[in-house]
Amino acid sequence: MGRAMRRVMRRVMRLLAGGTLALAMATGAPVGMGLAAAAEVVVPNFWDPRARPEKPELSGLRVIRFLTEDDYPPLHFADPEGQPAGFSVDLARAACEALQITCTIQVRRFDTLLDALDEARGDVVAAAIPITASLRRRFAVTTPYHRTPARFAARKEPAPPEPSAPALAGRSVAVVGGSAHAAYLEAFFPQADRRNYLDFAAARAALRRGEVDYLFADGLTLALWLNGSDAAGCCTFRGGPYLESRFFGEGVGFILRPDDEPLRRALDYALHKLWDDGTFAELYLRYFPVSFY
């Protein structure tokens with residue numbers, strides 16, 4: 001996990017201290033088909049509203065040991081008392097409550113989580129490990145419960161057109177060079193005037209000064225900047241969100257050993273139930289009060 005992203009996530013926690021929560025939710029379709037909207041924050045729905053999974057047989061399940069890490073807020077971190085907290089951690093606890101099974105939360109170093117799971121020193125990893133083809137070859141994964149889309153940002157005045165391949169032809173777009181966002185721009189907006197920057201700070205500064213027409217980056221990082229003092233109200237989201245997994249990953253889910261299929265099905269059932277009863281939205285709004293969808 002890079003230091004820059006850790007700094008971003010710590011900034012989320014500073015925003016959480018003063019953020020207002022929008023606790024309204026509407027049912028919707030899975031990502032790619034639609035999103036459920038809260039009054040102020042869009043809550044993504046990863047579950048098919050037409051599906052009604054049956055509760056699996058759980059009589060053989062033992063105490064479930066969740067593994068996490070404590071330095072990646074708001075998904076997982078240590079609270080003021082030093083206890084595990086965060087969106088992934090609270091979602092794991094809520095899933096256990098929905099399934100009426102006993103669970104523990106164990107904290108380990110991030111780079112040891114998958115090995116600990118593989119060696120049966122835990123049963124489920126609840127941490128921000130992206131779902132990739134290589135991860136699926138080694139482990140089983142539930143339906144994703146978190147994804148960060150890519151977004152365009154632009155100055156409010158004068159407002160450029162909504163992003164599209166024709167609209168961006170000849171328009172300047174700031175992006176971090178060598179990133180997945182740069183690759184996506186090259187693939188889908190080939191006629192855009194792509195301006196590569198060393199890091200996000202340099203790219204956002206270029207947009208704020210009006211040196212480029214757009215900035216294309218991680219939606220959460222952009223949301224924090226747009227709602228912070230550094231942006232000074234200069235800019236806003238334009239277009240999107242963009243969720244193509246080939247560039248931006250499949251998201252984050254609970255990770256299990258491949259031979260633990262009954263538990264994987266049980267957790268998928270629990271996640272769907274938490275969406276249906278509003279618990280997912282309540283937890284999401286607690287930890288993501290600034291919308292990036």
# chains A, B, ... in the order shown; residues from 1 in each chain; ligands from 1

call {"tool": "select_by_dssp", "arguments": {"residues": "stretch 34-146 of chain A", "states": "strand (DSSP E or B)", "output": "VMD selection string"}}
result
chain A and resid 36 to 37 42 to 43 64 to 68 71 to 72 76 to 78 84 to 85 103 to 107 124 to 125 140 to 141 146

call {"tool": "residues_around", "arguments": {"residues": "A:Ser291", "least_positions_apart": "5", "cutoff": "7 Å", "atoms": "only C-alpha atoms", "output": "PyMOL selection string"}}
result
chain A and resi 41-42+223

call {"tool": "closest_atom_pairs", "arguments": {"of": "stretch 108-128 of chain A", "to": "stretch 47-64 of chain A", "cutoff": "12 Å", "atoms": "only C-alpha atoms", "output": "Markdown table"}}
result
| residue | atom | partner | partner_atom | distance |
| --- | --- | --- | --- | --- |
| A:Leu117 | CA | A:Ile64 | CA | 11.9 |
| A:Ala120 | CA | A:Ile64 | CA | 11.3 |
| A:Arg121 | CA | A:Ile64 | CA | 10.9 |
| A:Gly122 | CA | A:Ile64 | CA | 7.8 |
| A:Asp123 | CA | A:Ile64 | CA | 6.1 |
| A:Val124 | CA | A:Ile64 | CA | 7.5 |
| A:Val125 | CA | A:Ile64 | CA | 10.7 |
| A:Ala126 | CA | A:Ile64 | CA | 11.9 |

call {"tool": "atom_distance", "arguments": {"atom1": "atom CA of A:Cys235", "atom2": "atom CA of A:Glu157"}}
result
8.2 Å

call {"tool": "residues_around", "arguments": {"residues": "stretch 179-193 of chain A", "least_positions_apart": "6", "cutoff": "8 Å", "atoms": "only C-alpha atoms", "output": "list of chain:residue names"}}
result
A:Ala150, A:Ser164, A:Ala165, A:Pro166, A:Leu168, A:Ala169, A:Gly170, A:Arg171, A:Ser172, A:Val173, A:Phe216, A:Ala217, A:Asp218, A:Phe247, A:Phe248

call {"tool": "write_last_selection", "arguments": {"atoms": "C-alpha atoms", "output": "short mmCIF file (atom, residue, chain, number, x, y, z; two decimals), in the first residue's frame"}}
result
data_model
loop_
_atom_site.label_atom_id
_atom_site.label_comp_id
_atom_site.auth_asym_id
_atom_site.auth_seq_id
_atom_site.Cartn_x
_atom_site.Cartn_y
_atom_site.Cartn_z
CA ALA A 150 -12.15 7.16 -11.89
CA SER A 164 -16.69 12.21 -24.35
CA ALA A 165 -14.22 11.07 -26.97
CA PRO A 166 -15.26 13.78 -29.46
CA LEU A 168 -12.03 15.85 -25.46
CA ALA A 169 -10.36 15.96 -28.89
CA GLY A 170 -7.63 18.58 -28.55
CA ARG A 171 -8.60 19.35 -24.93
CA SER A 172 -5.84 19.18 -22.30
CA VAL A 173 -6.19 16.57 -19.54
CA PHE A 216 -8.54 12.60 -14.58
CA ALA A 217 -7.83 10.65 -11.40
CA ASP A 218 -9.09 8.42 -8.60
CA PHE A 247 -8.06 -0.55 -15.72
CA PHE A 248 -9.40 0.19 -12.24
#

call {"tool": "residues_around", "arguments": {"residues": "A:Pro161", "least_positions_apart": "6", "cutoff": "12 Å", "atoms": "only C-alpha atoms", "output": "ChimeraX atom specification"}}
result
/A:152-155,167-169,171,213-214,237-239

call {"tool": "residues_around", "arguments": {"residues": "A:Arg138", "least_positions_apart": "4", "cutoff": "9 Å", "atoms": "only C-alpha atoms", "output": "VMD selection string"}}
result
chain A and resid 118 133 to 134 257 to 258

call {"tool": "write_last_selection", "arguments": {"atoms": "C-alpha atoms", "output": "tab-separated table (two decimals), in the first residue's frame"}}
result
chain	number	residue	atom	x	y	z
A	118	ASP	CA	-3.20	-19.45	3.23
A	133	ALA	CA	-7.10	-12.39	-11.69
A	134	SER	CA	-3.98	-13.46	-9.79
A	257	ARG	CA	-9.36	-20.00	1.03
A	258	PRO	CA	-10.80	-21.74	-2.05

call {"tool": "closest_residue", "arguments": {"among": "A:Leu263, A:Ala116, A:Ala127, A:Cys103", "to": "A:His76", "atoms": "only C-alpha atoms"}}
result
A:Ala127

call {"tool": "atom_distance", "arguments": {"atom1": "atom CA of A:Arg151", "atom2": "atom CA of A:Leu222"}}
result
7.6 Å

call {"tool": "select_by_dssp", "arguments": {"residues": "stretch 10-197 of chain A", "states": "helix (DSSP H, G or I)", "output": "ChimeraX atom specification"}}
result
/A:10-18,87-99,110-118,133-138,180-188

call {"tool": "closest_residue", "arguments": {"among": "A:Leu114, A:Leu224, A:Val252, A:Ala266", "to": "A:Phe87", "atoms": "only C-alpha atoms"}}
result
A:Val252

call {"tool": "closest_residue", "arguments": {"among": "A:Phe46, A:Tyr72, A:Phe292, A:Tyr197", "to": "A:His146", "atoms": "only C-alpha atoms"}}
result
A:Phe46

call {"tool": "atom_distance", "arguments": {"atom1": "atom CA of A:Glu69", "atom2": "atom CA of A:Ala128"}}
result
9.0 Å

call {"tool": "closest_residue", "arguments": {"among": "A:Leu135, A:Tyr145, A:Asp230, A:Phe110", "to": "A:Ser88", "atoms": "only C-alpha atoms"}}
result
A:Tyr145
